[in-house]
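S.K.: Got a file for you: my_file_19.cif, mmCIF, C-alpha atoms.
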data_my_file
loop_
_atom_site.group_PDB
_atom_site.id
_atom_site.type_symbol
_atom_site.label_atom_id
_atom_site.label_comp_id
_atom_site.auth_asym_id
_atom_site.auth_seq_id
_atom_site.Cartn_x
_atom_site.Cartn_y
_atom_site.Cartn_z
ATOM 1 C CA MET A 1 -72.845 10.701 -48.045
ATOM 2 C CA GLU A 2 -75.684 8.330 -48.896
ATOM 3 C CA ALA A 3 -78.743 8.900 -46.711
ATOM 4 C CA LYS A 4 -79.628 6.044 -44.395
ATOM 5 C CA THR A 5 -82.702 4.975 -42.442
ATOM 6 C CA ILE A 6 -81.521 4.938 -38.821
ATOM 7 C CA VAL A 7 -83.598 3.695 -35.875
ATOM 8 C CA ILE A 8 -82.387 4.827 -32.446
ATOM 9 C CA THR A 9 -83.965 3.653 -29.211
ATOM 10 C CA GLY A 10 -83.702 5.752 -26.080
ATOM 11 C CA ALA A 11 -83.836 8.763 -28.406
ATOM 12 C CA SER A 12 -86.148 11.004 -26.403
ATOM 13 C CA ASP A 13 -83.356 12.437 -24.240
ATOM 14 C CA GLY A 14 -79.605 12.497 -23.645
ATOM 15 C CA VAL A 15 -77.213 10.811 -26.067
ATOM 16 C CA GLY A 16 -79.991 9.310 -28.179
ATOM 17 C CA ALA A 17 -81.775 12.621 -28.715
ATOM 18 C CA GLU A 18 -78.541 14.369 -29.644
ATOM 19 C CA ALA A 19 -77.621 11.561 -32.038
ATOM 20 C CA VAL A 20 -80.905 11.774 -33.945
ATOM 21 C CA ARG A 21 -80.512 15.556 -34.174
ATOM 22 C CA GLN A 22 -77.020 15.258 -35.646
ATOM 23 C CA LEU A 23 -77.980 12.476 -38.029
ATOM 24 C CA HIS A 24 -81.084 14.357 -39.171
ATOM 25 C CA HIS A 25 -78.909 17.419 -39.797
ATOM 26 C CA HIS A 26 -76.645 15.230 -41.948
ATOM 27 C CA GLY A 27 -79.599 14.277 -44.127
ATOM 28 C CA HIS A 28 -80.505 10.830 -42.814
ATOM 29 C CA GLN A 29 -84.022 9.541 -42.178
ATOM 30 C CA VAL A 30 -84.079 9.095 -38.418
ATOM 31 C CA VAL A 31 -86.657 7.098 -36.484
ATOM 32 C CA VAL A 32 -87.068 8.237 -32.886
ATOM 33 C CA VAL A 33 -87.939 5.566 -30.306
ATOM 34 C CA GLY A 34 -88.508 6.482 -26.671
ATOM 35 C CA ARG A 35 -90.359 5.550 -23.508
ATOM 36 C CA SER A 36 -91.813 8.973 -22.686
ATOM 37 C CA ALA A 37 -94.577 9.958 -25.087
ATOM 38 C CA GLY A 38 -94.122 13.654 -24.312
ATOM 39 C CA LYS A 39 -90.357 13.712 -24.838
ATOM 40 C CA THR A 40 -90.402 11.360 -27.823
ATOM 41 C CA ASN A 41 -93.084 13.361 -29.620
ATOM 42 C CA ALA A 42 -91.241 16.591 -28.857
ATOM 43 C CA VAL A 43 -88.059 15.307 -30.546
ATOM 44 C CA GLY A 44 -90.071 13.845 -33.416
ATOM 45 C CA ASP A 45 -91.944 17.118 -33.940
ATOM 46 C CA GLU A 46 -88.715 19.123 -33.787
ATOM 47 C CA LEU A 47 -87.188 17.075 -36.588
ATOM 48 C CA GLY A 48 -90.329 16.144 -38.492
ATOM 49 C CA ALA A 49 -89.312 12.535 -37.915
ATOM 50 C CA ASP A 50 -91.148 9.253 -37.522
ATOM 51 C CA ARG A 51 -91.473 8.305 -33.864
ATOM 52 C CA HIS A 52 -92.554 5.293 -31.831
ATOM 53 C CA ILE A 53 -93.373 4.982 -28.129
ATOM 54 C CA ALA A 54 -92.126 1.825 -26.403
ATOM 55 C CA ASP A 55 -91.388 1.047 -22.768
ATOM 56 C CA PHE A 56 -88.708 -1.641 -22.620
ATOM 57 C CA SER A 57 -89.914 -2.730 -19.191
ATOM 58 C CA ARG A 58 -92.828 -4.294 -21.126
ATOM 59 C CA LEU A 59 -91.826 -6.870 -23.696
ATOM 60 C CA ALA A 60 -95.223 -6.558 -25.356
ATOM 61 C CA ASP A 61 -94.182 -2.983 -26.231
ATOM 62 C CA VAL A 62 -91.007 -4.324 -27.829
ATOM 63 C CA ARG A 63 -92.954 -6.808 -29.935
ATOM 64 C CA ARG A 64 -95.393 -4.097 -31.020
ATOM 65 C CA LEU A 65 -92.485 -1.770 -31.822
ATOM 66 C CA ALA A 66 -90.839 -4.414 -33.999
ATOM 67 C CA ALA A 67 -94.076 -5.004 -35.903
ATOM 68 C CA ASP A 68 -94.588 -1.265 -36.423
ATOM 69 C CA LEU A 69 -91.010 -0.779 -37.611
ATOM 70 C CA ARG A 70 -91.269 -3.671 -40.062
ATOM 71 C CA ALA A 71 -94.480 -2.223 -41.483
ATOM 72 C CA ALA A 72 -93.213 1.366 -41.723
ATOM 73 C CA HIS A 73 -89.631 0.736 -42.812
ATOM 74 C CA PRO A 74 -88.959 -2.143 -45.198
ATOM 75 C CA ARG A 75 -85.332 -1.001 -45.169
ATOM 76 C CA ILE A 76 -83.417 -0.245 -41.951
ATOM 77 C CA ASP A 77 -79.758 0.605 -42.476
ATOM 78 C CA VAL A 78 -78.893 1.087 -38.805
ATOM 79 C CA LEU A 79 -80.505 -0.126 -35.598
ATOM 80 C CA ALA A 80 -78.969 1.625 -32.587
ATOM 81 C CA ASN A 81 -79.946 -0.136 -29.361
ATOM 82 C CA ASN A 82 -79.288 2.861 -27.145
ATOM 83 C CA ALA A 83 -82.056 2.588 -24.517
ATOM 84 C CA GLY A 84 -80.928 1.549 -21.056
ATOM 85 C CA GLY A 85 -80.148 2.730 -17.581
ATOM 86 C CA ILE A 86 -79.250 1.973 -14.007
ATOM 87 C CA PHE A 87 -82.107 1.667 -11.557
ATOM 88 C CA GLY A 88 -82.542 1.423 -7.813
ATOM 89 C CA ASP A 89 -83.597 -1.548 -5.719
ATOM 90 C CA ARG A 90 -84.324 -4.753 -7.579
ATOM 91 C CA ILE A 91 -87.627 -4.506 -9.425
ATOM 92 C CA ARG A 92 -89.362 -7.415 -11.118
ATOM 93 C CA THR A 93 -91.083 -6.490 -14.383
ATOM 94 C CA GLY A 94 -94.491 -7.790 -15.397
ATOM 95 C CA ASP A 95 -92.627 -10.198 -17.689
ATOM 96 C CA GLY A 96 -90.914 -11.745 -14.657
ATOM 97 C CA PHE A 97 -87.382 -10.406 -15.180
ATOM 98 C CA ASP A 98 -85.183 -7.977 -13.290
ATOM 99 C CA LEU A 99 -85.787 -4.462 -14.648
ATOM 100 C CA THR A 100 -82.105 -3.679 -15.285
ATOM 101 C CA PHE A 101 -81.519 -6.977 -17.079
ATOM 102 C CA GLN A 102 -84.659 -6.629 -19.190
ATOM 103 C CA VAL A 103 -84.288 -2.998 -20.252
ATOM 104 C CA ASN A 104 -80.558 -3.161 -20.986
ATOM 105 C CA HIS A 105 -80.272 -6.640 -22.502
ATOM 106 C CA LEU A 106 -83.397 -8.723 -23.058
ATOM 107 C CA ALA A 107 -85.462 -5.974 -24.707
ATOM 108 C CA PRO A 108 -82.822 -4.955 -27.297
ATOM 109 C CA PHE A 109 -82.004 -8.631 -27.873
ATOM 110 C CA LEU A 110 -85.692 -9.270 -28.590
ATOM 111 C CA LEU A 111 -86.059 -6.208 -30.823
ATOM 112 C CA THR A 112 -83.010 -7.171 -32.869
ATOM 113 C CA HIS A 113 -84.218 -10.759 -33.152
ATOM 114 C CA LEU A 114 -87.665 -9.694 -34.375
ATOM 115 C CA LEU A 115 -86.098 -7.396 -36.990
ATOM 116 C CA LEU A 116 -83.513 -9.888 -38.246
ATOM 117 C CA ASP A 117 -85.159 -10.423 -41.633
ATOM 118 C CA THR A 118 -85.271 -6.681 -42.313
ATOM 119 C CA LEU A 119 -81.753 -6.139 -40.971
ATOM 120 C CA THR A 120 -80.174 -8.915 -43.025
ATOM 121 C CA THR A 121 -81.953 -7.822 -46.209
ATOM 122 C CA SER A 122 -80.794 -4.249 -45.556
ATOM 123 C CA ARG A 123 -77.227 -5.332 -44.735
ATOM 124 C CA ALA A 124 -77.645 -3.249 -41.636
ATOM 125 C CA SER A 125 -75.386 -2.148 -38.813
ATOM 126 C CA VAL A 126 -76.562 -2.938 -35.279
ATOM 127 C CA ILE A 127 -75.033 -0.700 -32.617
ATOM 128 C CA GLN A 128 -75.148 -1.289 -28.875
ATOM 129 C CA THR A 129 -74.592 1.503 -26.342
ATOM 130 C CA SER A 130 -72.542 -0.276 -23.704
ATOM 131 C CA SER A 131 -70.314 1.101 -20.945
ATOM 132 C CA ALA A 132 -66.854 0.838 -19.439
ATOM 133 C CA GLY A 133 -68.789 -0.369 -16.397
ATOM 134 C CA ALA A 134 -68.916 -3.730 -18.167
ATOM 135 C CA ARG A 135 -65.447 -4.524 -16.856
ATOM 136 C CA LEU A 136 -65.812 -3.114 -13.348
ATOM 137 C CA PHE A 137 -68.362 -4.998 -11.306
ATOM 138 C CA ASP A 138 -68.817 -8.726 -11.825
ATOM 139 C CA ASN A 139 -68.893 -11.786 -14.051
ATOM 140 C CA ILE A 140 -71.811 -13.324 -15.873
ATOM 141 C CA THR A 141 -73.088 -16.341 -13.964
ATOM 142 C CA PHE A 142 -75.517 -18.394 -16.012
ATOM 143 C CA ASP A 143 -77.510 -19.758 -13.103
ATOM 144 C CA ASP A 144 -78.071 -16.166 -11.876
ATOM 145 C CA LEU A 145 -77.919 -13.835 -14.883
ATOM 146 C CA ALA A 146 -79.793 -11.015 -13.134
ATOM 147 C CA HIS A 147 -77.900 -11.316 -9.809
ATOM 148 C CA ASP A 148 -80.924 -12.360 -7.783
ATOM 149 C CA ARG A 149 -78.592 -13.774 -5.140
ATOM 150 C CA ASP A 150 -76.219 -10.819 -4.844
ATOM 151 C CA PHE A 151 -78.059 -7.865 -6.364
ATOM 152 C CA THR A 152 -76.763 -4.317 -6.276
ATOM 153 C CA PRO A 153 -77.744 -1.686 -8.862
ATOM 154 C CA GLN A 154 -74.121 -1.293 -9.934
ATOM 155 C CA ARG A 155 -73.523 -5.039 -10.329
ATOM 156 C CA ALA A 156 -76.733 -5.509 -12.302
ATOM 157 C CA TYR A 157 -75.935 -2.587 -14.595
ATOM 158 C CA GLY A 158 -72.311 -3.556 -15.181
ATOM 159 C CA THR A 159 -73.270 -7.124 -16.043
ATOM 160 C CA ALA A 160 -76.003 -5.925 -18.420
ATOM 161 C CA LYS A 161 -73.467 -3.744 -20.225
ATOM 162 C CA LEU A 162 -71.185 -6.776 -20.478
ATOM 163 C CA ASP A 163 -74.177 -8.601 -21.971
ATOM 164 C CA ASN A 164 -74.322 -5.854 -24.634
ATOM 165 C CA ILE A 165 -70.736 -6.498 -25.701
ATOM 166 C CA LEU A 166 -71.169 -10.269 -25.768
ATOM 167 C CA PHE A 167 -74.406 -9.890 -27.749
ATOM 168 C CA THR A 168 -72.510 -7.755 -30.280
ATOM 169 C CA GLN A 169 -69.820 -10.403 -30.646
ATOM 170 C CA GLU A 170 -72.288 -13.241 -31.080
ATOM 171 C CA LEU A 171 -74.506 -11.262 -33.478
ATOM 172 C CA HIS A 172 -71.406 -10.749 -35.604
ATOM 173 C CA ARG A 173 -70.479 -14.440 -35.426
ATOM 174 C CA ARG A 174 -73.937 -15.680 -36.383
ATOM 175 C CA PHE A 175 -75.048 -13.105 -38.954
ATOM 176 C CA HIS A 176 -72.090 -11.198 -40.396
ATOM 177 C CA ASP A 177 -71.902 -13.538 -43.372
ATOM 178 C CA GLN A 178 -75.589 -12.762 -43.982
ATOM 179 C CA GLY A 179 -74.899 -9.029 -44.157
ATOM 180 C CA ILE A 180 -75.234 -7.727 -40.593
ATOM 181 C CA SER A 181 -72.420 -5.780 -38.974
ATOM 182 C CA ALA A 182 -72.359 -5.095 -35.247
ATOM 183 C CA ALA A 183 -70.464 -2.844 -32.857
ATOM 184 C CA ALA A 184 -70.716 -1.747 -29.237
ATOM 185 C CA PHE A 185 -69.332 1.442 -27.737
ATOM 186 C CA HIS A 186 -68.810 3.314 -24.495
ATOM 187 C CA PRO A 187 -70.232 6.864 -24.778
ATOM 188 C CA GLY A 188 -68.181 8.198 -21.873
ATOM 189 C CA THR A 189 -69.425 9.538 -18.562
ATOM 190 C CA VAL A 190 -72.175 11.801 -19.815
ATOM 191 C CA ALA A 191 -73.836 14.743 -18.106
ATOM 192 C CA SER A 192 -77.398 13.590 -18.791
ATOM 193 C CA ASN A 193 -80.440 12.223 -16.948
ATOM 194 C CA PHE A 194 -78.755 8.825 -16.710
ATOM 195 C CA ALA A 195 -79.252 7.259 -13.242
ATOM 196 C CA SER A 196 -81.869 9.861 -12.312
ATOM 197 C CA SER A 197 -84.147 7.129 -10.954
ATOM 198 C CA SER A 198 -81.507 4.882 -9.421
ATOM 199 C CA GLY A 199 -81.913 6.213 -5.877
ATOM 200 C CA ASN A 200 -78.327 5.395 -4.920
ATOM 201 C CA PHE A 201 -74.855 6.918 -4.898
ATOM 202 C CA VAL A 202 -74.708 6.825 -8.709
ATOM 203 C CA GLN A 203 -77.675 9.197 -8.822
ATOM 204 C CA ARG A 204 -75.941 11.502 -6.357
ATOM 205 C CA LEU A 205 -72.723 11.292 -8.359
ATOM 206 C CA TYR A 206 -74.424 12.202 -11.630
ATOM 207 C CA GLY A 207 -76.399 14.944 -9.917
ATOM 208 C CA SER A 208 -73.357 16.644 -8.407
ATOM 209 C CA ARG A 209 -72.554 19.992 -10.023
ATOM 210 C CA LEU A 210 -68.832 19.433 -9.565
ATOM 211 C CA THR A 211 -68.944 15.957 -11.082
ATOM 212 C CA ARG A 212 -70.992 17.142 -14.051
ATOM 213 C CA LEU A 213 -68.310 19.710 -14.867
ATOM 214 C CA LEU A 214 -65.924 16.803 -15.449
ATOM 215 C CA MET A 215 -68.336 14.812 -17.615
ATOM 216 C CA THR A 216 -68.655 14.844 -21.365
ATOM 217 C CA THR A 217 -71.692 16.481 -22.959
ATOM 218 C CA PRO A 218 -74.489 14.507 -24.608
ATOM 219 C CA GLN A 219 -73.579 16.260 -27.867
ATOM 220 C CA LYS A 220 -69.990 14.994 -27.751
ATOM 221 C CA ALA A 221 -70.983 11.516 -26.595
ATOM 222 C CA ALA A 222 -73.519 11.281 -29.412
ATOM 223 C CA GLY A 223 -70.703 11.854 -31.870
ATOM 224 C CA GLN A 224 -69.465 8.303 -31.288
ATOM 225 C CA LEU A 225 -72.880 6.838 -32.082
ATOM 226 C CA VAL A 226 -73.097 9.067 -35.168
ATOM 227 C CA TRP A 227 -69.623 7.927 -36.270
ATOM 228 C CA LEU A 228 -70.647 4.272 -36.083
ATOM 229 C CA ALA A 229 -74.045 4.877 -37.708
ATOM 230 C CA GLU A 230 -72.572 6.763 -40.662
ATOM 231 C CA GLY A 231 -69.413 4.697 -40.943
ATOM 232 C CA ARG A 232 -68.737 1.827 -43.311
ATOM 233 C CA PRO A 233 -68.162 -1.493 -41.554
ATOM 234 C CA GLY A 234 -64.863 -2.995 -42.615
ATOM 235 C CA THR A 235 -63.520 0.430 -43.562
ATOM 236 C CA ASP A 236 -64.282 2.882 -40.773
ATOM 237 C CA TRP A 237 -64.855 0.283 -38.057
ATOM 238 C CA GLU A 238 -64.709 -3.471 -37.651
ATOM 239 C CA SER A 239 -67.738 -5.630 -36.959
ATOM 240 C CA GLY A 240 -67.898 -7.534 -33.684
ATOM 241 C CA VAL A 241 -65.750 -4.995 -31.807
ATOM 242 C CA TYR A 242 -66.340 -2.889 -28.685
ATOM 243 C CA TYR A 243 -65.141 0.718 -29.059
ATOM 244 C CA GLU A 244 -64.018 3.424 -26.671
ATOM 245 C CA ARG A 245 -63.148 6.870 -28.077
ATOM 246 C CA ARG A 246 -63.589 5.527 -31.602
ATOM 247 C CA LYS A 247 -60.904 2.905 -31.111
ATOM 248 C CA PRO A 248 -61.128 -0.776 -30.164
ATOM 249 C CA ALA A 249 -61.055 -0.861 -26.375
ATOM 250 C CA LYS A 250 -57.687 -1.819 -24.921
ATOM 251 C CA ARG A 251 -59.167 -3.088 -21.659
ATOM 252 C CA THR A 252 -62.184 -5.371 -21.664
ATOM 253 C CA HIS A 253 -63.745 -7.870 -19.308
ATOM 254 C CA PRO A 254 -62.051 -11.309 -19.502
ATOM 255 C CA GLN A 255 -65.351 -12.947 -20.462
ATOM 256 C CA THR A 256 -65.401 -10.962 -23.724
ATOM 257 C CA ARG A 257 -62.454 -13.111 -24.812
ATOM 258 C CA ASP A 258 -64.387 -16.357 -24.355
ATOM 259 C CA SER A 259 -66.586 -17.102 -27.356
ATOM 260 C CA ASN A 260 -68.387 -19.823 -25.418
ATOM 261 C CA VAL A 261 -69.738 -17.235 -22.968
ATOM 262 C CA ALA A 262 -71.175 -15.135 -25.798
ATOM 263 C CA ARG A 263 -72.717 -18.209 -27.399
ATOM 264 C CA GLN A 264 -74.236 -19.382 -24.119
ATOM 265 C CA LEU A 265 -75.644 -15.937 -23.339
ATOM 266 C CA TRP A 266 -77.369 -15.870 -26.746
ATOM 267 C CA ASP A 267 -78.843 -19.333 -26.247
ATOM 268 C CA GLU A 268 -80.014 -18.559 -22.717
ATOM 269 C CA SER A 269 -81.581 -15.259 -23.842
ATOM 270 C CA GLU A 270 -83.530 -17.105 -26.558
ATOM 271 C CA ARG A 271 -84.711 -19.619 -23.960
ATOM 272 C CA MET A 272 -85.809 -16.934 -21.503
ATOM 273 C CA LEU A 273 -87.743 -15.095 -24.216
ATOM 274 C CA LYS A 274 -89.178 -18.354 -25.614
ATOM 275 C CA LEU A 275 -87.762 -17.626 -29.056
ATOM 276 C CA PRO A 276 -86.992 -20.265 -31.678
ATOM 277 C CA LYS A 277 -83.439 -21.446 -31.261
ATOM 278 C CA GLY A 278 -81.246 -19.703 -33.837
#
The structure given in the file should be rewritten as structure tokens.

M.R.:
Amino acid sequence: MEAKTIVITGASDGVGAEAVRQLHHHGHQVVVVGRSAGKTNAVGDELGADRHIADFSRLADVRRLAADLRAAHPRIDVLANNAGGIFGDRIRTGDGFDLTFQVNHLAPFLLTHLLLDTLTTSRASVIQTSSAGARLFDNITFDDLAHDRDFTPQRAYGTAKLDNILFTQELHRRFHDQGISAAAFHPGTVASNFASSSGNFVQRLYGSRLTRLLMTTPQKAAGQLVWLAEGRPGTDWESGVYYERRKPAKRTHPQTRDSNVARQLWDESERMLKLPKG
């Protein structure tokens, strides 16, 4: 298998950390991106891998990360936007956005946008870690993307994961003919530190010993990310598709079948981030 340069965000713990370990073991050049300096450096030191510290609750960190990645890696074969999470009560970031919306959608959207030249030149794959929660909680409403009017942690998270799928579809539509392939996937219900700071029933659910016995391991969940990262778009998987258990998902949110919603989400995200209209 040809070695690839693979950037994974949220790689200091859980699914991301296990994915970089497996990919490193397979001979790829992995780039570890994480919020916690201690955890990120520990994984980087373990593998002898390049590492970058970035907190997605600060968009300045995302812009710095993109600049550092462009300088260090003129070729990026895979960008895995894996960082994300569910949080507690509504928190406004210093950039003025809801924390859940920013960390799960706006930050990876911005990072991908800032790396587009490198990604297109590299004919890269862009992978989004989404969730089955995308179809469970609510619809996207464009005059209230972050649910300011009806916020709950679950609704905000589910909608952000729906954003991930729609972003994947629109990235495929706009840039596949320029060489980029895109996929989103559900890792499963993983026994990890996910939701550890949510302060709600999801945190209690994930912290329950009984529940964790029924969950998949980070090692197994990482296998799906590894499969997409190593796979050949058009042969092993199809660009623009959301996957569950390595197969196109049979059940998806109705809005994923409306190309106008994906297009509008892209345009609104560019406007919110003050990016040039693509």

S.K.: Which residues match the PyMOL selection byres ((chain A and resi 260-273) around 8) in the file above, as a list in words?

M.R.: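 Going through the file, the PyMOL selection byres ((chain A and resi 260-273) around 8) ends up selecting Leu106, Phe109, Leu110, Phe142, Asp163, Leu166, Phe167, Gln169, Glu170, Gln255, Thr256, Asp258, Ser259, Lys274, Leu275, Pro276, Lys277 and Gly278 of chain A.
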
S.K.: Let me know the residues the PyMOL selection byres ((chain A and resi 96) around 12) catches in the file above, as a list in words.

M.R.: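 So the PyMOL selection byres ((chain A and resi 96) around 12), applied here, picks out Ser57, Arg58, Leu59, Arg90, Ile91, Arg92, Thr93, Gly94, Asp95, Phe97, Asp98, Leu99, Thr100, Phe101, Gln102, Leu106, Ala146, Met272 and Leu273 of chain A.
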
S.K.: Could you check the closest approach to Gln224 of chain A for each of A:Thr168, A:Thr252, A:Gln22, A:Ser239 and tell me which residue wins, using only C-alpha atoms?

M.R.: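 Among A:Thr168, A:Thr252, A:Gln22, A:Ser239, it is A:Gln22 that comes nearest to Gln224 of chain A.
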
S.K.: Can you measure atom CA of Tyr243 of chain A to atom CA of Phe175 of chain A for me? One decimal in Å is fine.

M.R.: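 Taking atom CA of Tyr243 of chain A as the start and atom CA of Phe175 of chain A as the end point, the length is 19.7 Å.
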
S.K.: Using only C-alpha atoms, pick whichever of A:Lys39, A:His186, A:Lys161, A:His147 has the shortest atom-to-atom distance to Pro108 of chain A.

M.R.: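 When distances to Pro108 of chain A are compared using only C-alpha atoms, the smallest one comes from A:Lys161.
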
S.K.: Once the PyMOL selection byres ((chain A and resi 54) around 6) is applied to the coordinates I shared, what remains selected? I want it as a PyMOL selection string.

M.R.: chain A and resi 34-35+53+55+61
